[in-house]
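Source file: target_35.cif; contents: mmCIF, C-alpha atoms and all ligand atoms.
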data_start
loop_
_atom_site.group_PDB
_atom_site.id
_atom_site.type_symbol
_atom_site.label_atom_id
_atom_site.label_comp_id
_atom_site.auth_asym_id
_atom_site.auth_seq_id
_atom_site.Cartn_x
_atom_site.Cartn_y
_atom_site.Cartn_z
ATOM 1 C CA MET A 30 0.000 0.000 0.000
ATOM 2 C CA ILE A 31 1.257 3.441 -0.970
ATOM 3 C CA ALA A 32 -0.349 6.344 0.938
ATOM 4 C CA LEU A 33 -0.094 9.973 -0.126
ATOM 5 C CA SER A 34 -1.792 13.036 1.344
ATOM 6 C CA PRO A 35 -2.977 15.450 -1.344
ATOM 7 C CA LEU A 36 -1.070 18.731 -1.319
ATOM 8 C CA PRO A 37 -2.923 21.961 -2.212
ATOM 9 C CA ASP A 38 -3.099 22.587 -5.976
ATOM 10 C CA LYS A 39 -1.206 19.394 -6.719
ATOM 11 C CA LYS A 40 -2.146 16.313 -8.731
ATOM 12 C CA ILE A 41 -0.844 12.840 -9.317
ATOM 13 C CA TYR A 42 -0.266 11.530 -12.823
ATOM 14 C CA PHE A 43 -0.263 8.061 -14.386
ATOM 15 C CA ALA A 44 1.206 7.087 -17.763
ATOM 16 C CA SER A 45 2.131 3.770 -19.352
ATOM 17 C CA ASP A 46 3.123 1.965 -22.531
ATOM 18 C CA LEU A 47 5.631 4.363 -24.009
ATOM 19 C CA HIS A 48 7.539 1.397 -25.501
ATOM 20 C CA LEU A 49 10.771 3.329 -25.942
ATOM 21 C CA GLY A 50 12.821 1.641 -28.659
ATOM 22 C CA PHE A 51 9.803 0.555 -30.702
ATOM 23 C CA PRO A 52 9.699 0.222 -33.677
ATOM 24 C CA ASN A 53 13.086 1.860 -34.379
ATOM 25 C CA ASP A 54 15.367 4.537 -32.925
ATOM 26 C CA GLU A 55 13.993 7.375 -35.089
ATOM 27 C CA ALA A 56 10.308 6.837 -34.289
ATOM 28 C CA SER A 57 11.116 6.148 -30.647
ATOM 29 C CA LEU A 58 13.064 9.391 -30.310
ATOM 30 C CA VAL A 59 10.077 11.422 -31.529
ATOM 31 C CA ARG A 60 7.921 9.747 -28.864
ATOM 32 C CA GLU A 61 10.609 10.153 -26.202
ATOM 33 C CA LYS A 62 10.810 13.915 -26.870
ATOM 34 C CA ASN A 63 7.021 14.211 -26.865
ATOM 35 C CA PHE A 64 6.843 12.462 -23.503
ATOM 36 C CA ILE A 65 9.577 14.696 -22.095
ATOM 37 C CA ALA A 66 7.613 17.771 -23.268
ATOM 38 C CA TRP A 67 4.614 16.398 -21.344
ATOM 39 C CA LEU A 68 6.753 15.821 -18.231
ATOM 40 C CA ASP A 69 7.982 19.418 -18.471
ATOM 41 C CA HIS A 70 4.380 20.572 -18.801
ATOM 42 C CA ILE A 71 3.097 18.707 -15.731
ATOM 43 C CA LYS A 72 6.095 19.074 -13.418
ATOM 44 C CA GLU A 73 4.804 22.291 -11.847
ATOM 45 C CA ASP A 74 1.656 20.727 -10.375
ATOM 46 C CA ALA A 75 2.761 17.101 -10.146
ATOM 47 C CA GLN A 76 2.871 15.787 -6.621
ATOM 48 C CA HIS A 77 3.859 12.335 -7.824
ATOM 49 C CA ILE A 78 4.194 10.587 -11.195
ATOM 50 C CA PHE A 79 3.413 6.893 -11.579
ATOM 51 C CA LEU A 80 4.796 5.122 -14.634
ATOM 52 C CA LEU A 81 2.651 2.032 -15.119
ATOM 53 C CA GLY A 82 4.838 -0.283 -17.169
ATOM 54 C CA ASP A 83 6.088 -0.992 -20.684
ATOM 55 C CA ILE A 84 7.911 2.304 -20.605
ATOM 56 C CA PHE A 85 10.720 0.516 -22.424
ATOM 57 C CA ASP A 86 10.048 -1.883 -25.271
ATOM 58 C CA PHE A 87 12.822 -3.880 -23.702
ATOM 59 C CA TRP A 88 14.988 -3.309 -20.677
ATOM 60 C CA PHE A 89 17.384 -5.491 -18.772
ATOM 61 C CA ASP A 90 19.288 -4.357 -15.707
ATOM 62 C CA TYR A 91 22.800 -5.650 -16.248
ATOM 63 C CA LYS A 92 25.226 -5.555 -13.385
ATOM 64 C CA TYR A 93 27.809 -3.263 -15.004
ATOM 65 C CA VAL A 94 26.351 -1.898 -18.234
ATOM 66 C CA VAL A 95 23.241 0.098 -19.107
ATOM 67 C CA PRO A 96 21.160 -0.556 -22.265
ATOM 68 C CA ARG A 97 21.988 2.010 -24.935
ATOM 69 C CA GLY A 98 19.493 4.813 -25.631
ATOM 70 C CA PHE A 99 16.632 6.666 -23.898
ATOM 71 C CA ILE A 100 19.159 8.871 -22.175
ATOM 72 C CA ARG A 101 17.061 12.044 -22.494
ATOM 73 C CA PHE A 102 14.212 10.250 -20.771
ATOM 74 C CA GLN A 103 16.429 9.051 -17.932
ATOM 75 C CA GLY A 104 17.956 12.522 -17.607
ATOM 76 C CA LYS A 105 14.487 14.061 -17.334
ATOM 77 C CA LEU A 106 13.433 11.558 -14.669
ATOM 78 C CA ALA A 107 16.601 12.342 -12.701
ATOM 79 C CA GLU A 108 15.908 16.077 -13.004
ATOM 80 C CA LEU A 109 12.317 15.694 -11.757
ATOM 81 C CA VAL A 110 13.216 13.434 -8.845
ATOM 82 C CA ASP A 111 16.139 15.680 -7.841
ATOM 83 C CA SER A 112 13.879 18.738 -7.968
ATOM 84 C CA GLY A 113 11.370 17.087 -5.617
ATOM 85 C CA VAL A 114 8.834 15.364 -7.866
ATOM 86 C CA PRO A 115 8.833 11.710 -6.784
ATOM 87 C CA ILE A 116 8.405 9.071 -9.475
ATOM 88 C CA THR A 117 7.340 5.467 -8.986
ATOM 89 C CA PHE A 118 7.888 2.835 -11.633
ATOM 90 C CA PHE A 119 5.823 -0.290 -12.277
ATOM 91 C CA THR A 120 7.231 -2.927 -14.577
ATOM 92 C CA GLY A 121 5.264 -4.195 -17.566
ATOM 93 C CA ASN A 122 5.590 -7.344 -19.624
ATOM 94 C CA HIS A 123 8.250 -5.654 -21.779
ATOM 95 C CA ASP A 124 10.399 -4.211 -19.018
ATOM 96 C CA MET A 125 10.013 -6.649 -16.131
ATOM 97 C CA TRP A 126 13.780 -7.053 -15.811
ATOM 98 C CA MET A 127 14.336 -3.904 -13.816
ATOM 99 C CA PHE A 128 16.159 -4.562 -10.597
ATOM 100 C CA ASP A 129 18.314 -2.005 -8.772
ATOM 101 C CA TYR A 130 19.331 0.478 -11.491
ATOM 102 C CA PHE A 131 16.327 2.812 -11.186
ATOM 103 C CA PRO A 132 16.135 2.642 -7.370
ATOM 104 C CA GLU A 133 19.879 3.186 -6.912
ATOM 105 C CA GLN A 134 20.708 5.587 -9.741
ATOM 106 C CA LEU A 135 17.495 7.592 -10.034
ATOM 107 C CA ASN A 136 15.922 7.107 -6.619
ATOM 108 C CA ILE A 137 12.825 5.658 -8.330
ATOM 109 C CA PRO A 138 11.257 2.659 -6.600
ATOM 110 C CA VAL A 139 10.197 -0.237 -8.814
ATOM 111 C CA TYR A 140 7.056 -2.322 -8.262
ATOM 112 C CA TYR A 141 6.409 -5.633 -9.979
ATOM 113 C CA LYS A 142 2.750 -6.162 -9.088
ATOM 114 C CA PRO A 143 -0.390 -4.010 -8.729
ATOM 115 C CA VAL A 144 -0.408 -1.985 -5.537
ATOM 116 C CA GLU A 145 -3.171 -0.185 -3.650
ATOM 117 C CA LEU A 146 -2.694 3.560 -3.577
ATOM 118 C CA GLN A 147 -4.484 5.729 -1.047
ATOM 119 C CA TYR A 148 -4.629 9.385 -2.118
ATOM 120 C CA GLY A 149 -6.692 11.422 0.304
ATOM 121 C CA ASN A 150 -10.115 9.792 0.378
ATOM 122 C CA LEU A 151 -9.593 7.804 -2.793
ATOM 123 C CA LYS A 152 -8.414 4.236 -2.829
ATOM 124 C CA MET A 153 -7.024 3.001 -6.115
ATOM 125 C CA LEU A 154 -5.444 -0.144 -7.425
ATOM 126 C CA ILE A 155 -2.695 0.604 -9.927
ATOM 127 C CA GLY A 156 -0.355 -1.508 -12.044
ATOM 128 C CA HIS A 157 0.518 -2.499 -15.586
ATOM 129 C CA GLY A 158 -2.200 -5.117 -16.050
ATOM 130 C CA ASP A 159 -0.414 -8.017 -17.782
ATOM 131 C CA GLY A 160 -1.379 -11.538 -16.786
ATOM 132 C CA LEU A 161 -4.371 -10.484 -14.684
ATOM 133 C CA GLY A 162 -7.765 -12.148 -14.778
ATOM 134 C CA PRO A 163 -8.700 -15.322 -16.647
ATOM 135 C CA GLY A 164 -7.100 -16.607 -19.846
ATOM 136 C CA ASP A 165 -3.801 -15.608 -21.473
ATOM 137 C CA HIS A 166 -2.286 -18.934 -20.363
ATOM 138 C CA SER A 167 0.631 -18.906 -22.783
ATOM 139 C CA TYR A 168 1.715 -15.501 -21.490
ATOM 140 C CA LYS A 169 1.300 -16.578 -17.868
ATOM 141 C CA PHE A 170 3.561 -19.566 -18.607
ATOM 142 C CA LEU A 171 6.153 -17.337 -20.306
ATOM 143 C CA LYS A 172 6.076 -14.934 -17.376
ATOM 144 C CA LYS A 173 7.018 -17.781 -15.030
ATOM 145 C CA ILE A 174 10.142 -18.396 -17.129
ATOM 146 C CA PHE A 175 10.934 -14.694 -17.481
ATOM 147 C CA THR A 176 10.698 -14.099 -13.747
ATOM 148 C CA ASN A 177 12.579 -17.278 -12.809
ATOM 149 C CA PRO A 178 15.800 -16.233 -11.013
ATOM 150 C CA LEU A 179 17.930 -18.883 -12.756
ATOM 151 C CA CYS A 180 16.662 -17.847 -16.212
ATOM 152 C CA GLN A 181 17.307 -14.206 -15.347
ATOM 153 C CA TRP A 182 20.820 -15.063 -14.169
ATOM 154 C CA LEU A 183 21.524 -16.995 -17.376
ATOM 155 C CA PHE A 184 20.316 -14.086 -19.526
ATOM 156 C CA GLY A 185 22.367 -11.678 -17.406
ATOM 157 C CA VAL A 186 25.642 -13.531 -17.993
ATOM 158 C CA LEU A 187 25.171 -13.528 -21.775
ATOM 159 C CA ASN A 188 27.262 -10.888 -23.511
ATOM 160 C CA PRO A 189 24.888 -7.856 -23.545
ATOM 161 C CA ASN A 190 25.332 -7.461 -27.323
ATOM 162 C CA ILE A 191 23.900 -10.935 -27.765
ATOM 163 C CA GLY A 192 21.263 -10.609 -25.039
ATOM 164 C CA MET A 193 19.928 -7.290 -26.339
ATOM 165 C CA TRP A 194 19.919 -8.594 -29.916
ATOM 166 C CA ILE A 195 17.831 -11.628 -28.913
ATOM 167 C CA ALA A 196 15.428 -9.484 -26.908
ATOM 168 C CA HIS A 197 14.953 -6.832 -29.587
ATOM 169 C CA THR A 198 14.410 -9.353 -32.353
ATOM 170 C CA TRP A 199 11.826 -11.215 -30.289
ATOM 171 C CA SER A 200 10.018 -8.205 -28.871
ATOM 172 C CA LYS A 201 9.753 -6.330 -32.165
ATOM 173 C CA GLY A 202 8.437 -9.368 -34.016
ATOM 174 C CA LYS A 203 5.697 -9.846 -31.454
ATOM 175 C CA LYS A 204 4.744 -6.204 -31.242
ATOM 176 C CA HIS A 205 4.625 -5.708 -35.008
ATOM 177 C CA LYS A 206 2.372 -8.721 -35.313
ATOM 178 C CA LYS A 207 0.066 -7.385 -32.620
ATOM 179 C CA MET A 208 0.006 -3.840 -34.023
ATOM 180 C CA ASN A 209 -0.626 -5.092 -37.552
ATOM 181 C CA LYS A 210 -3.491 -7.290 -36.432
ATOM 182 C CA GLY A 211 -5.028 -4.270 -34.757
ATOM 183 C CA LEU A 212 -6.050 -4.043 -31.146
ATOM 184 C CA LYS A 213 -9.379 -5.535 -30.297
ATOM 185 C CA TYR A 214 -11.492 -4.240 -27.458
ATOM 186 C CA PHE A 215 -13.486 -6.917 -25.647
ATOM 187 C CA GLY A 216 -15.728 -4.718 -23.525
ATOM 188 C CA GLU A 217 -16.895 -6.460 -20.390
ATOM 189 C CA ASN A 218 -14.874 -9.537 -21.395
ATOM 190 C CA GLU A 219 -11.601 -7.637 -21.029
ATOM 191 C CA TYR A 220 -9.349 -9.784 -18.802
ATOM 192 C CA ILE A 221 -8.312 -6.842 -16.653
ATOM 193 C CA TYR A 222 -11.957 -5.873 -16.132
ATOM 194 C CA GLN A 223 -12.698 -9.424 -14.978
ATOM 195 C CA PHE A 224 -9.782 -9.125 -12.579
ATOM 196 C CA CYS A 225 -11.084 -5.779 -11.235
ATOM 197 C CA LYS A 226 -14.491 -7.325 -10.542
ATOM 198 C CA GLU A 227 -12.899 -10.233 -8.673
ATOM 199 C CA TYR A 228 -10.639 -7.932 -6.713
ATOM 200 C CA HIS A 229 -13.501 -5.599 -5.909
ATOM 201 C CA ALA A 230 -15.446 -8.447 -4.301
ATOM 202 C CA LYS A 231 -12.619 -8.776 -1.744
ATOM 203 C CA SER A 232 -11.300 -5.244 -1.372
ATOM 204 C CA LEU A 233 -13.269 -2.174 -2.483
ATOM 205 C CA CYS A 234 -11.405 0.423 -4.518
ATOM 206 C CA ASP A 235 -12.712 3.670 -5.989
ATOM 207 C CA PHE A 236 -10.594 3.410 -9.117
ATOM 208 C CA TYR A 237 -8.676 0.721 -10.943
ATOM 209 C CA LEU A 238 -5.933 2.084 -13.187
ATOM 210 C CA PHE A 239 -4.056 -0.080 -15.639
ATOM 211 C CA GLY A 240 -2.259 0.161 -18.981
ATOM 212 C CA HIS A 241 -1.093 -2.742 -21.145
ATOM 213 C CA ARG A 242 -4.051 -2.732 -23.556
ATOM 214 C CA HIS A 243 -3.013 0.317 -25.617
ATOM 215 C CA ILE A 244 -6.704 1.240 -25.775
ATOM 216 C CA PRO A 245 -8.058 3.947 -23.460
ATOM 217 C CA TYR A 246 -11.401 2.924 -22.033
ATOM 218 C CA LEU A 247 -13.561 3.233 -18.963
ATOM 219 C CA LEU A 248 -15.803 0.550 -17.433
ATOM 220 C CA GLN A 249 -17.961 0.622 -14.333
ATOM 221 C CA VAL A 250 -16.915 -1.971 -11.748
ATOM 222 C CA ASP A 251 -19.966 -1.118 -9.670
ATOM 223 C CA GLU A 252 -22.014 2.041 -9.184
ATOM 224 C CA GLN A 253 -19.235 3.817 -7.311
ATOM 225 C CA SER A 254 -16.121 2.284 -8.834
ATOM 226 C CA GLN A 255 -14.514 2.541 -12.229
ATOM 227 C CA TYR A 256 -11.765 0.799 -14.125
ATOM 228 C CA LEU A 257 -9.889 3.178 -16.369
ATOM 229 C CA ASN A 258 -7.422 1.886 -18.900
ATOM 230 C CA ILE A 259 -5.039 4.761 -19.476
ATOM 231 C CA GLY A 260 -4.198 3.891 -23.093
ATOM 232 C CA ASP A 261 -0.671 4.332 -24.384
ATOM 233 C CA TRP A 262 1.884 6.708 -25.906
ATOM 234 C CA VAL A 263 2.395 4.797 -29.142
ATOM 235 C CA ALA A 264 -0.938 5.758 -30.703
ATOM 236 C CA HIS A 265 -2.834 7.918 -28.183
ATOM 237 C CA SER A 266 -0.594 9.947 -25.830
ATOM 238 C CA THR A 267 -3.184 9.465 -23.083
ATOM 239 C CA PHE A 268 -2.690 9.491 -19.323
ATOM 240 C CA ALA A 269 -4.691 9.719 -16.117
ATOM 241 C CA VAL A 270 -4.667 12.523 -13.605
ATOM 242 C CA CYS A 271 -6.071 12.542 -10.081
ATOM 243 C CA ASP A 272 -6.792 15.690 -8.091
ATOM 244 C CA GLY A 273 -7.791 13.852 -4.921
ATOM 245 C CA ASN A 274 -11.512 13.864 -5.784
ATOM 246 C CA THR A 275 -11.645 11.975 -9.033
ATOM 247 C CA VAL A 276 -9.541 10.419 -11.772
ATOM 248 C CA LYS A 277 -9.749 11.589 -15.367
ATOM 249 C CA LEU A 278 -8.346 10.447 -18.667
ATOM 250 C CA LYS A 279 -6.524 13.194 -20.552
ATOM 251 C CA GLU A 280 -4.585 13.484 -23.762
ATOM 252 C CA TRP A 281 -1.356 15.304 -24.606
ATOM 253 C CA THR A 282 -1.411 16.950 -28.035
ATOM 254 C CA GLY A 283 2.296 17.748 -28.049
ATOM 255 C CA LYS A 284 1.571 21.278 -26.857
ATOM 256 C CA GLU A 285 -1.280 21.089 -24.381
ATOM 257 C CA ILE A 286 -3.479 18.804 -22.344
ATOM 258 C CA ILE A 287 -6.994 18.150 -23.631
ATOM 259 C CA SER A 288 -9.901 15.954 -22.605
ATOM 260 C CA PRO A 289 -10.258 13.172 -25.138
ATOM 261 C CA ALA A 290 -13.434 12.893 -27.178
ATOM 262 C CA PRO A 291 -16.210 11.126 -25.218
ATOM 263 C CA GLU A 292 -16.218 8.191 -27.652
ATOM 264 C CA THR A 293 -12.768 7.306 -26.339
ATOM 265 C CA TYR A 294 -14.524 5.866 -23.332
ATOM 266 C CA ASP A 295 -16.252 2.519 -23.464
ATOM 267 C CA HIS A 296 -15.207 2.290 -27.051
ATOM 268 C CA PRO A 297 -12.407 0.820 -29.120
ATOM 269 C CA VAL A 298 -10.254 3.611 -30.396
ATOM 270 C CA SER A 299 -8.517 3.635 -33.763
ATOM 271 C CA THR A 300 -4.821 2.817 -33.388
ATOM 272 C CA LYS A 301 -3.893 4.620 -36.651
HETATM 273 MN MN MN A 401 2.127 -4.255 -21.868
#
Let's see the structure in the file written out as structure tokens.
Amino acid sequence: MIALSPLPDKKIYFASDLHLGFPNDEASLVREKNFIAWLDHIKEDAQHIFLLGDIFDFWFDYKYVVPRGFIRFQGKLAELVDSGVPITFFTGNHDMWMFDYFPEQLNIPVYYKPVELQYGNLKMLIGHGDGLGPGDHSYKFLKKIFTNPLCQWLFGVLNPNIGMWIAHTWSKGKKHKKMNKGLKYFGENEYIYQFCKEYHAKSLCDFYLFGHRHIPYLLQVDEQSQYLNIGDWVAHSTFAVCDGNTVKLKEWTGKEIISPAPETYDHPVSTK
């Protein structure tokens, strides 16, 4: 459980699925700079920023070397944290191999599972969203291998040039396939929604915030509670913001923050 007391005129922000590195360096750099512009825009009123996973299309914390690239992003995170805007990182299915680099070098704690967040009177459950709810058995099996300490050790002792090559080849193939097929919205059959309903039966939350699906949408868990999927930064540049009273989905145009069109909610959104 993370507990924060709302500060006057401050907000907390949630963003996910930036997939830095995808699909190539050039396109990723455009997205990285756009995200940094957003961070610069929100830093004045941000009490805390939560990054909800798949920020990197692939990341592995080696013991002595750091994966090449995304240095502007890391520099911006360091600047924000050092200036007093705390950042918390959740791993996704693409960047689950984060260990001590972010906590030690950037003073950014890393969470591997959904966590309850109390912000004033609001109780939320936040995380990336992969492997939750029913189904997705092949991924759940893969995740067991990926999170196995021996497998992680074996990958870690590979020469990083080889390890990163394997990872990039694999990750890009999968992502391209998924993006080309198009993202399908399953409404009330969304796995994460099923998970929220189950969770809600045991522990009531006001809001459930997840990423992973790359589709911004909002579903009622019960009359008082909502599950908001915060979308992504590959196709939508959407994020969530909480002022202590409610949580809203917003969109970054590259210059300003706008409220997305109402059809974004409860609705599959074109991935362009
Ligand atoms: Mn994901």
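Interatomic distance, atom CA of A:His229 to atom CA of A:Ile244: 22.1 Å.
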Name the residues captured by the PyMOL selection byres (((not hetatm)) within 12 of (chain A and resi 401)) when it is applied to the shown file; answer as a ChimeraX atom specification.
-> /A:45-48,81-87,119-125,156-161,168,200,203-204,207,221,239-244,258-263
Skip stretch 68-79 of chain A itself and residues of its chain fewer than 6 positions away, then list as a PyMOL selection string all residues within 10 Å of it, counting all atoms listed in the file.
-> chain A and resi 33-45+62+102+105-106+109-110+112-119+155-156+269-272+281+283-286
Which one is closest to A:Leu257: A:Phe170, A:Tyr222, A:Phe51, A:Tyr91? Count all atoms listed in the file.
->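 Between A:Phe170, A:Tyr222, A:Phe51, A:Tyr91, the residue approaching A:Leu257 most closely is A:Tyr222.
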Go ahead and compute the interatomic distance for atom CA of A:Gln103 and atom CA of A:Leu49, in Å to one decimal.
->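 Computing the Euclidean distance for atom CA of A:Gln103 and atom CA of A:Leu49 yields 11.4 Å.
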